[in-house]
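Below: target-v7.txt (compact mmCIF, C-alpha atoms)
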# COMPACT_ATOMS: atom_id res chain seq x y z
CA MET A 1 -31.05 13.97 8.52
CA THR A 2 -29.21 12.24 11.30
CA ALA A 3 -26.36 13.86 13.13
CA GLN A 4 -23.01 12.82 11.75
CA SER A 5 -20.49 11.26 14.09
CA ALA A 6 -17.24 13.18 14.58
CA THR A 7 -15.13 10.21 13.61
CA LEU A 8 -15.54 6.87 11.91
CA VAL A 9 -12.49 5.42 13.64
CA THR A 10 -13.49 2.44 15.75
CA GLN A 11 -11.72 0.83 18.68
CA ASP A 12 -11.53 -2.32 16.62
CA MET A 13 -9.51 -0.44 14.00
CA ILE A 14 -7.15 0.97 16.60
CA ASP A 15 -6.66 -2.46 18.17
CA SER A 16 -6.03 -4.22 14.85
CA LYS A 17 -3.64 -1.72 13.25
CA ASP A 18 -0.46 -3.45 12.04
CA VAL A 19 -1.61 -6.78 13.45
CA TRP A 20 -1.15 -9.48 10.81
CA GLY A 21 -4.11 -11.81 10.52
CA GLU A 22 -4.14 -15.57 10.58
CA PRO A 23 -2.55 -16.90 7.38
CA ARG A 24 -4.84 -18.37 4.74
CA VAL A 25 -3.50 -21.17 2.58
CA SER A 26 -4.72 -21.76 -0.98
CA TRP A 27 -5.50 -25.04 -2.63
CA PRO A 28 -2.69 -26.13 -4.94
CA VAL A 29 -2.89 -24.11 -8.15
CA SER A 30 -3.60 -26.31 -11.16
CA ALA A 31 -2.72 -25.67 -14.79
CA SER A 32 -6.43 -25.75 -15.51
CA ASP A 33 -7.12 -23.05 -12.89
CA ILE A 34 -4.64 -20.83 -14.73
CA ARG A 35 -6.05 -21.63 -18.16
CA LYS A 36 -9.63 -20.93 -17.12
CA TRP A 37 -8.67 -17.63 -15.50
CA ALA A 38 -6.87 -16.57 -18.67
CA GLN A 39 -9.83 -17.61 -20.82
CA ALA A 40 -12.21 -15.56 -18.68
CA VAL A 41 -10.18 -12.34 -18.76
CA TYR A 42 -9.27 -12.57 -22.47
CA TRP A 43 -12.64 -13.89 -23.65
CA PRO A 44 -13.52 -14.22 -26.52
CA GLU A 45 -9.88 -14.24 -27.66
CA VAL A 46 -7.73 -17.31 -27.11
CA PRO A 47 -5.40 -16.24 -24.27
CA PRO A 48 -1.61 -16.09 -24.68
CA ARG A 49 0.07 -19.49 -24.90
CA ILE A 50 2.21 -18.81 -21.83
CA TYR A 51 -0.93 -19.56 -19.75
CA TRP A 52 -1.84 -22.93 -21.26
CA ASP A 53 0.82 -24.39 -23.56
CA GLU A 54 3.62 -25.96 -21.53
CA GLU A 55 5.81 -26.71 -24.55
CA TYR A 56 5.66 -23.09 -25.68
CA ALA A 57 6.07 -21.80 -22.14
CA LYS A 58 9.31 -23.79 -21.77
CA THR A 59 10.83 -21.68 -24.56
CA THR A 60 10.24 -18.43 -22.66
CA LYS A 61 12.37 -16.98 -19.91
CA TRP A 62 9.83 -18.35 -17.41
CA GLY A 63 10.63 -21.97 -18.32
CA GLY A 64 7.03 -23.14 -18.00
CA ILE A 65 3.44 -22.06 -17.58
CA ILE A 66 2.88 -19.10 -15.26
CA ALA A 67 -0.36 -17.51 -14.11
CA PRO A 68 -1.51 -14.07 -15.22
CA GLN A 69 -0.21 -11.67 -12.58
CA GLU A 70 -3.70 -10.80 -11.33
CA PHE A 71 -4.66 -14.50 -10.86
CA ASN A 72 -6.41 -15.24 -7.54
CA PRO A 73 -5.52 -18.64 -6.06
CA PHE A 74 -7.94 -18.08 -3.16
CA ALA A 75 -11.11 -18.24 -5.23
CA TRP A 76 -13.53 -21.02 -4.32
CA PRO A 77 -12.64 -21.88 -0.73
CA LEU A 78 -14.62 -24.85 0.56
CA GLU A 79 -15.98 -22.67 3.32
CA GLY A 80 -16.14 -18.96 3.89
CA ALA A 81 -17.08 -17.69 0.42
CA TYR A 82 -19.20 -14.53 0.34
CA GLY A 83 -22.85 -15.30 1.11
CA GLN A 84 -22.16 -18.98 1.74
CA ALA A 85 -23.11 -18.99 5.43
CA ALA A 86 -26.31 -17.03 4.79
CA ALA A 87 -27.37 -19.30 1.93
CA LEU A 88 -26.64 -22.39 4.02
CA ALA A 89 -28.71 -21.01 6.90
CA GLU A 90 -31.63 -20.48 4.52
CA ILE A 91 -31.51 -24.10 3.40
CA THR A 92 -31.11 -25.62 6.84
CA GLY A 93 -33.41 -23.22 8.67
CA ALA A 94 -30.60 -22.22 11.03
CA PRO A 95 -30.41 -18.60 12.22
CA ARG A 96 -28.86 -16.30 9.62
CA PRO A 97 -25.36 -15.11 10.43
CA GLU A 98 -24.80 -11.43 11.01
CA SER A 99 -24.76 -9.64 7.69
CA THR A 100 -21.52 -8.11 6.51
CA LEU A 101 -20.91 -5.38 4.01
CA PRO A 102 -20.25 -6.68 0.48
CA MET A 103 -16.78 -5.19 0.50
CA GLY A 104 -15.83 -5.92 4.07
CA SER A 105 -17.15 -4.68 7.37
CA GLY A 106 -15.92 -1.43 8.85
CA PRO A 107 -17.06 1.99 9.94
CA GLY A 108 -19.92 3.79 8.21
CA LEU A 109 -23.00 2.45 6.47
CA HIS A 110 -21.47 2.03 3.03
CA ALA A 111 -18.23 0.77 1.58
CA MET A 112 -16.66 0.73 -1.85
CA ASN A 113 -13.44 -0.37 -3.43
CA GLY A 114 -11.21 2.70 -3.76
CA GLY A 115 -8.41 1.03 -5.65
CA GLN A 116 -5.24 -0.90 -5.15
CA THR A 117 -1.53 -1.18 -5.80
CA MET A 118 -0.10 -4.57 -6.62
CA ARG A 119 3.62 -5.31 -6.57
CA TYR A 120 4.64 -8.56 -8.20
CA TYR A 121 7.63 -10.70 -7.34
CA ALA A 122 7.88 -14.45 -8.09
CA PRO A 123 5.26 -15.68 -10.58
CA ILE A 124 2.58 -18.21 -9.63
CA ARG A 125 3.07 -21.60 -11.31
CA PRO A 126 1.07 -24.84 -11.47
CA GLY A 127 1.50 -26.74 -8.22
CA ASP A 128 2.10 -23.63 -6.13
CA VAL A 129 0.39 -23.30 -2.78
CA ILE A 130 0.03 -19.68 -1.76
CA THR A 131 -0.15 -18.36 1.78
CA SER A 132 -1.79 -14.99 2.42
CA THR A 133 -1.79 -12.72 5.40
CA THR A 134 -3.35 -9.28 5.76
CA ALA A 135 -3.05 -6.34 8.12
CA LEU A 136 -4.80 -3.02 8.44
CA VAL A 137 -1.87 -0.66 7.97
CA ASP A 138 -3.29 2.84 7.67
CA TRP A 139 -6.37 5.03 7.56
CA ASN A 140 -7.20 8.58 6.61
CA GLU A 141 -10.45 10.38 7.44
CA ARG A 142 -11.78 13.48 5.72
CA ALA A 143 -14.95 15.23 4.54
CA THR A 144 -15.92 14.44 0.95
CA ARG A 145 -19.09 14.86 -1.12
CA LEU A 146 -20.18 11.59 0.48
CA GLY A 147 -19.92 13.14 3.95
CA LEU A 148 -17.39 12.05 6.52
CA THR A 149 -15.34 9.46 4.66
CA MET A 150 -12.72 6.98 5.78
CA PHE A 151 -10.02 5.62 3.49
CA ILE A 152 -8.68 2.41 4.99
CA THR A 153 -5.57 0.68 3.63
CA HIS A 154 -4.97 -3.02 4.10
CA GLU A 155 -1.77 -4.72 3.01
CA THR A 156 -1.81 -8.34 1.90
CA ARG A 157 1.30 -10.45 1.41
CA TRP A 158 1.36 -13.67 -0.57
CA THR A 159 4.20 -16.17 -0.35
CA ASN A 160 4.76 -19.52 -2.07
CA ARG A 161 5.84 -22.84 -0.56
CA ASN A 162 9.48 -21.75 -0.70
CA ASP A 163 8.53 -18.75 1.43
CA VAL A 164 9.30 -16.44 -1.48
CA ILE A 165 7.17 -13.33 -1.83
CA VAL A 166 4.75 -13.56 -4.75
CA LYS A 167 2.73 -10.39 -4.40
CA ILE A 168 2.16 -7.48 -2.05
CA THR A 169 -1.14 -5.68 -2.44
CA SER A 170 -2.29 -2.44 -0.85
CA ASP A 171 -6.08 -2.10 -0.99
CA VAL A 172 -7.96 1.08 -0.21
CA LEU A 173 -11.51 0.63 1.08
CA ILE A 174 -13.71 3.70 1.26
CA HIS A 175 -16.23 3.76 4.09
CA TYR A 176 -18.84 6.51 4.47
CA MET B 177 9.90 -17.25 -27.23
CA ALA B 178 8.58 -14.05 -28.74
CA ILE B 179 9.79 -10.57 -27.96
CA ASN B 180 7.21 -7.94 -28.86
CA VAL B 181 9.13 -4.82 -27.96
CA TYR B 182 12.59 -3.91 -26.74
CA PHE B 183 13.20 -1.24 -24.13
CA GLU B 184 15.34 0.71 -26.57
CA ASP B 185 12.52 0.95 -29.11
CA VAL B 186 10.07 2.54 -26.67
CA GLU B 187 9.69 6.30 -26.58
CA VAL B 188 8.37 8.46 -23.78
CA GLY B 189 5.03 9.85 -24.90
CA GLN B 190 4.23 6.76 -26.95
CA GLU B 191 0.71 5.36 -26.63
CA ILE B 192 0.29 1.60 -26.52
CA PRO B 193 -2.65 -0.27 -28.11
CA GLY B 194 -5.77 -0.46 -25.97
CA PHE B 195 -7.75 -3.53 -24.89
CA THR B 196 -11.48 -3.30 -25.56
CA ARG B 197 -14.39 -5.31 -24.18
CA ARG B 198 -18.13 -4.79 -23.89
CA THR B 199 -19.04 -5.64 -20.31
CA ASP B 200 -22.40 -7.37 -20.50
CA LEU B 201 -23.76 -9.63 -17.78
CA MET B 202 -22.22 -12.74 -19.36
CA ASN B 203 -18.84 -11.05 -19.40
CA TRP B 204 -19.14 -10.26 -15.68
CA ASN B 205 -20.40 -13.75 -14.89
CA ARG B 206 -17.54 -15.38 -16.74
CA TYR B 207 -15.14 -13.47 -14.52
CA ALA B 208 -17.18 -14.15 -11.39
CA ALA B 209 -16.97 -17.85 -12.19
CA VAL B 210 -13.17 -17.89 -11.96
CA ASN B 211 -12.78 -15.31 -9.20
CA ASP B 212 -15.72 -16.60 -7.11
CA GLU B 213 -17.02 -13.01 -7.11
CA PHE B 214 -20.74 -13.67 -6.78
CA ILE B 215 -21.52 -10.50 -4.86
CA PRO B 216 -25.10 -9.18 -5.21
CA ILE B 217 -24.08 -5.68 -6.36
CA HIS B 218 -22.38 -7.28 -9.39
CA MET B 219 -25.16 -9.75 -10.13
CA ASP B 220 -28.51 -8.27 -9.21
CA ASP B 221 -30.00 -4.96 -10.40
CA GLU B 222 -32.02 -4.48 -7.23
CA ALA B 223 -28.89 -4.91 -5.09
CA GLY B 224 -27.06 -2.43 -7.31
CA ARG B 225 -29.85 0.15 -6.88
CA GLN B 226 -29.75 -0.36 -3.12
CA TRP B 227 -26.09 0.52 -3.39
CA GLN B 228 -26.99 3.89 -4.94
CA ASN B 229 -26.40 2.91 -8.57
CA GLU B 230 -29.71 3.74 -10.28
CA ARG B 231 -28.87 1.59 -13.31
CA GLY B 232 -28.58 -1.54 -11.18
CA ALA B 233 -25.80 -4.08 -10.98
CA PHE B 234 -22.35 -2.78 -11.78
CA GLY B 235 -19.03 -4.29 -12.83
CA MET B 236 -16.17 -5.63 -10.75
CA GLY B 237 -13.14 -3.42 -10.31
CA ASN B 238 -11.02 -6.56 -10.47
CA LEU B 239 -12.08 -7.17 -14.04
CA ARG B 240 -11.02 -3.69 -15.12
CA THR B 241 -7.72 -4.38 -13.38
CA ALA B 242 -7.35 -7.54 -15.47
CA TYR B 243 -8.00 -5.53 -18.65
CA ILE B 244 -5.14 -3.19 -17.76
CA HIS B 245 -2.83 -6.20 -17.33
CA ASN B 246 -4.05 -7.63 -20.66
CA MET B 247 -3.26 -4.39 -22.49
CA VAL B 248 0.29 -4.29 -21.14
CA ARG B 249 0.90 -8.01 -21.77
CA ASN B 250 -0.45 -7.84 -25.32
CA TRP B 251 1.91 -4.99 -26.05
CA ALA B 252 4.98 -6.10 -24.12
CA GLY B 253 4.87 -9.86 -24.79
CA ASP B 254 5.79 -12.91 -22.74
CA GLU B 255 9.39 -11.90 -22.06
CA ALA B 256 8.28 -8.75 -20.24
CA ASP B 257 7.61 -8.71 -16.51
CA ILE B 258 4.93 -6.56 -14.93
CA ARG B 259 6.27 -5.38 -11.57
CA GLU B 260 3.67 -2.93 -10.31
CA VAL B 261 0.09 -1.95 -11.09
CA THR B 262 -1.88 0.82 -9.43
CA ILE B 263 -5.53 1.51 -10.18
CA GLN B 264 -8.10 3.82 -8.62
CA PHE B 265 -11.80 3.24 -9.17
CA ARG B 266 -13.28 6.66 -9.86
CA ALA B 267 -16.44 5.79 -11.81
CA ILE B 268 -18.74 2.81 -12.07
CA ASN B 269 -18.56 0.25 -14.89
CA GLN B 270 -22.20 0.02 -15.98
CA LYS B 271 -23.74 -2.99 -17.65
CA ASN B 272 -23.06 -3.06 -21.41
CA ASP B 273 -20.39 -0.37 -21.24
CA LEU B 274 -17.81 -0.55 -24.00
CA LEU B 275 -14.53 -0.24 -22.11
CA THR B 276 -11.18 0.51 -23.71
CA THR B 277 -7.95 0.66 -21.76
CA THR B 278 -5.43 3.37 -22.54
CA GLY B 279 -1.71 3.48 -21.88
CA LYS B 280 0.93 6.13 -22.43
CA VAL B 281 4.62 5.69 -21.71
CA VAL B 282 5.67 8.43 -19.31
CA GLU B 283 9.11 7.33 -18.16
CA LYS B 284 11.97 4.95 -18.90
CA THR B 285 14.80 4.08 -16.58
CA VAL B 286 17.32 1.39 -15.78
CA VAL B 287 17.67 0.15 -12.21
CA GLY B 288 20.31 -2.52 -11.80
CA ASP B 289 19.68 -5.01 -14.59
CA ASP B 290 16.04 -4.01 -14.96
CA HIS B 291 14.96 -1.92 -17.95
CA LEU B 292 11.82 -0.32 -16.61
CA VAL B 293 9.03 1.54 -18.33
CA ARG B 294 6.26 3.38 -16.53
CA ILE B 295 2.93 3.62 -18.34
CA ASP B 296 0.06 5.85 -17.23
CA THR B 297 -3.17 3.94 -17.72
CA ASN B 298 -6.92 4.34 -17.63
CA VAL B 299 -10.10 2.47 -18.51
CA VAL B 300 -12.28 4.66 -20.72
CA ASN B 301 -15.97 4.02 -21.42
CA GLN B 302 -17.94 4.65 -24.62
CA ASP B 303 -18.58 8.26 -23.56
CA GLY B 304 -14.86 8.95 -23.36
CA ALA B 305 -14.90 9.10 -19.58
CA GLY B 306 -11.92 7.71 -17.70
CA THR B 307 -13.15 5.35 -14.99
CA ALA B 308 -10.00 3.95 -13.44
CA PRO B 309 -6.74 5.92 -13.70
CA GLY B 310 -3.49 4.36 -12.64
CA TYR B 311 -0.09 3.26 -13.86
CA VAL B 312 1.95 0.16 -14.62
CA VAL B 313 5.67 -0.46 -14.22
CA VAL B 314 6.95 -3.18 -16.53
CA VAL B 315 10.41 -4.61 -17.19
CA LEU B 316 11.10 -4.95 -20.91
CA PRO B 317 13.72 -7.02 -22.70
CA SER B 318 16.80 -5.01 -23.63
CA LYS B 319 19.08 -5.19 -26.64
CA ASP B 320 21.90 -4.04 -24.40
CA GLY B 321 21.69 -4.68 -20.69
CA ASP B 322 24.22 -1.95 -19.95
CA ARG B 323 22.42 0.87 -21.67
CA VAL B 324 21.22 3.71 -19.45
CA GLY B 325 17.58 4.79 -19.49
CA ASP B 326 16.54 7.87 -21.42
CA SER B 327 15.31 9.92 -18.49
CA GLY B 328 18.38 9.32 -16.36
CA LYS B 329 16.34 9.73 -13.19
CA PRO B 330 14.79 7.16 -10.91
CA LEU B 331 11.12 6.29 -10.80
CA GLY B 332 9.69 6.82 -7.34
CA SER B 333 7.39 3.85 -7.46
CA VAL B 334 10.09 1.61 -8.81
CA ASN B 335 12.40 2.65 -6.02
CA GLN B 336 9.68 1.79 -3.53
CA PHE B 337 9.32 -1.56 -5.25
CA LEU B 338 13.01 -2.26 -5.02
CA VAL B 339 13.10 -1.27 -1.38
CA ALA B 340 10.20 -3.59 -0.65
CA ARG B 341 11.94 -6.35 -2.54
CA ARG B 342 15.05 -5.98 -0.42
CA VAL B 343 13.02 -5.87 2.77
CA VAL B 344 11.37 -9.19 2.05
CA GLY B 345 14.65 -10.69 0.91
CA ASP B 346 13.30 -12.00 -2.37
CA ASP B 347 15.75 -12.38 -5.18
CA ALA B 348 13.50 -14.58 -7.29

Would you put the structure from the file into structure tokens?
Amino acid sequence: MTAQSATLVTQDMIDSKDVWGEPRVSWPVSASDIRKWAQAVYWPEVPPRIYWDEEYAKTTKWGGIIAPQEFNPFAWPLEGAYGQAAALAEITGAPRPESTLPMGSGPGLHAMNGGQTMRYYAPIRPGDVITSTTALVDWNERATRLGLTMFITHETRWTNRNDVIVKITSDVLIHY
Amino acid sequence: MAINVYFEDVEVGQEIPGFTRRTDLMNWNRYAAVNDEFIPIHMDDEAGRQWQNERGAFGMGNLRTAYIHNMVRNWAGDEADIREVTIQFRAINQKNDLLTTTGKVVEKTVVGDDHLVRIDTNVVNQDGAGTAPGYVVVVLPSKDGDRVGDSGKPLGSVNQFLVARRVVGDDA
């Protein structure tokens, strides 16, 4: 058994606390993106009409199609998807990029998704372009059955083209 | 427009209908296809075992989160407005698990014009084990916008939500 370090806090964490990252901008959300998301999460049921039937959606208080709250407009970036660089390197014979943990790099050998809180504001609609920015906002280190364990909280803020808040998410990553 | 449930008709202690799905590999892949979530631990049994899950690949937390949303939306209808969802992942979703979400109304209150209901939630597997406890705050349609909530006391999480809303200056 290897000796356990006294802390999992890294200088990188200290330096990046409360520093908001470079904004990411989504592709425009299409009605079909919304429909397919709804079909996937409600499968095999036909999803609610609010997600695919514009005429029906106009009769609701929303006035048109909206996305399910948990919809992710950042899926399928042209570049930067998980594993994309490594797979490309394998095809081209280029050196493999440094590996990263499946749930984000950080202290410790392992990481898992501890949970999240999502607060919803304006809904996402077809045509929206969403901007996202994330900061490491907090961490908490303690001994658990996994050994020395770090709970790291990131906050992510999404805004639409009118600079209106769409969603604020707090994610807890567990590193051990 | 369809209203499923009014705020006034909801009672604290009431359980709402669950949302059930069997999470086989096709189910996970269908979700991965829209969320671009092709991560080895969710796709490949060997990768799952390397990640200390003896049974292999395991399910995405995000999909369980979607099931919680589905349960609340199916119950509350299109005129409701989910404001906050919290979920903690306490146990793994194994391949072919039969998952059922649960929801129990624990508080009602009125803040401004919003008629808010807080629902404690979980995602329970076929063995009866809760895998992902959490809660949802949802605004329901009201028969009378002036009526005061049953509990008469504020919801902590809702207050946090309202504070955050003011901070960001969003009145949408």

Can you find the residues with an atom no farther than 6 Å from (8.7, -3.5, -15.7), counting only C-alpha atoms, and report them as a list in words? Asp257, Ile258, Arg259, Leu292, Val293, Val313, Val314, Val315 and Leu316 of chain B

Please determine, counting all atoms listed in the file, which residue among B:Asp303, B:Asp273, B:Asp320, B:Asp212 has the shortest atom-to-atom distance to chain A.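 When distances to chain A are compared using all atoms listed in the file, the smallest one comes from B:Asp212.
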
Sort by chain and increasing residue number a table of all residues of segment 195-306 of chain B within 12 Å of segment 158-171 of chain A, each with its closest pair of atoms and their distance in Å to one decimal, counting only C-alpha atoms, and write it as JSON lines.
{"residue": "B:Gly237", "atom": "CA", "partner": "A:Asp171", "partner_atom": "CA", "distance": 11.8}
{"residue": "B:Asn238", "atom": "CA", "partner": "A:Asp171", "partner_atom": "CA", "distance": 11.6}
{"residue": "B:Ile258", "atom": "CA", "partner": "A:Lys167", "partner_atom": "CA", "distance": 11.4}
{"residue": "B:Arg259", "atom": "CA", "partner": "A:Lys167", "partner_atom": "CA", "distance": 9.4}
{"residue": "B:Glu260", "atom": "CA", "partner": "A:Ile168", "partner_atom": "CA", "distance": 9.6}
{"residue": "B:Val261", "atom": "CA", "partner": "A:Thr169", "partner_atom": "CA", "distance": 9.5}
{"residue": "B:Thr262", "atom": "CA", "partner": "A:Ser170", "partner_atom": "CA", "distance": 9.2}
{"residue": "B:Ile263", "atom": "CA", "partner": "A:Asp171", "partner_atom": "CA", "distance": 9.9}
{"residue": "B:Gln264", "atom": "CA", "partner": "A:Asp171", "partner_atom": "CA", "distance": 9.9}
{"residue": "B:Phe265", "atom": "CA", "partner": "A:Asp171", "partner_atom": "CA", "distance": 11.3}

Within 9 Å of Ala75 of chain A, counting only C-alpha atoms, which residues show up once you throw out same-chain ones fewer than 4 positions away? Write them as an mmCIF file with C-alpha atoms, in the coordinates of the input, please.
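The new file selection16.cif reads:
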data_model
loop_
_atom_site.group_PDB
_atom_site.id
_atom_site.type_symbol
_atom_site.label_atom_id
_atom_site.label_comp_id
_atom_site.auth_asym_id
_atom_site.auth_seq_id
_atom_site.Cartn_x
_atom_site.Cartn_y
_atom_site.Cartn_z
ATOM 1 C CA SER A 26 -4.720 -21.760 -0.980
ATOM 2 C CA ALA A 81 -17.080 -17.690 0.420
ATOM 3 C CA VAL B 210 -13.170 -17.890 -11.960
ATOM 4 C CA ASN B 211 -12.780 -15.310 -9.200
ATOM 5 C CA ASP B 212 -15.720 -16.600 -7.110
ATOM 6 C CA GLU B 213 -17.020 -13.010 -7.110
#

For each of B:Arg197, B:His291, B:Arg231, B:Lys319, take the minimum atom-to-atom distance to chain A, counting only C-alpha atoms, then give the residue where this is smallest.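 Among the listed residues, the smallest separation from chain A belongs to B:Arg197.
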
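Closest approach to Thr241 of chain B among B:Asn269, B:Glu191, B:Ser318, B:Met202 is made by B:Asn269 (distances from all atoms listed in the file).
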
Neighbours of chain B in chain A at 7 Å, counting all atoms listed in the file, as a PyMOL selection string: chain A and resi 36-37+40-41+50+59-61+70+72+75-76+82+102+113-122+164-165

Find the residues near Ala267 of chain B: any atom within 9 Å, counting all atoms listed in the file, skip ones fewer than 3 places away on the same chain, and give them as a compact mmCIF listing (two decimals) with C-alpha atoms, in the frame of the given file.
# COMPACT_ATOMS: atom_id res chain seq x y z
CA ALA B 305 -14.90 9.10 -19.58
CA GLY B 306 -11.92 7.71 -17.70
CA THR B 307 -13.15 5.35 -14.99
CA ALA B 308 -10.00 3.95 -13.44

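Checking A:Pro28, A:Pro68, A:Gly80, A:Gly63 one by one against Pro47 of chain A, counting all atoms listed in the file, you find the shortest gap at A:Pro68.
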
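The space separating atom CA of Ala135 of chain A from atom CA of Gln11 of chain A comes to 15.4 Å.
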
Selection: 8 Å around Lys271 of chain B, all atoms listed in the file, excl. self and same-chain fewer than 2 positions, as a ChimeraX atom specification: /B:199-201,233-235,269,273

With C-alpha atoms retained, write the just-selected residues as a tab-separated table (two decimals), in the coordinates of the input.
chain	number	residue	atom	x	y	z
B	199	THR	CA	-19.04	-5.64	-20.31
B	200	ASP	CA	-22.40	-7.37	-20.50
B	201	LEU	CA	-23.76	-9.63	-17.78
B	233	ALA	CA	-25.80	-4.08	-10.98
B	234	PHE	CA	-22.35	-2.78	-11.78
B	235	GLY	CA	-19.03	-4.29	-12.83
B	269	ASN	CA	-18.56	0.25	-14.89
B	273	ASP	CA	-20.39	-0.37	-21.24

Which residues are close to segment 146-151 of chain A, i.e. within 7 Å by all atoms listed in the file, leaving aside same-chain residues fewer than 6 positions away? Reply as a PyMOL selection string. chain A and resi 8+139-140+172-176

Atomic separation - atom CA of Phe71 of chain A relative to atom CA of Glu54 of chain A, Å: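 Straight-line distance from atom CA of Glu54 of chain A to atom CA of Phe71 of chain A works out to 17.7 Å.
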
As an exercise, work out the distance from atom CA of Asp296 of chain B to atom CA of Val281 of chain B in Å and give it to one decimal place.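 Taking atom CA of Asp296 of chain B and atom CA of Val281 of chain B, their separation equals 6.4 Å.
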
Could you check the closest approach to Gly232 of chain B for each of B:Glu187, B:Asp220, B:Glu283, B:Asp290 and tell me which residue wins, using only C-alpha atoms? B:Asp220

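Of the listed residues (B:Val186, B:Ala223, B:Val287, B:Ile192), B:Ile192 comes nearest to Val248 of chain B; the distances count only C-alpha atoms.
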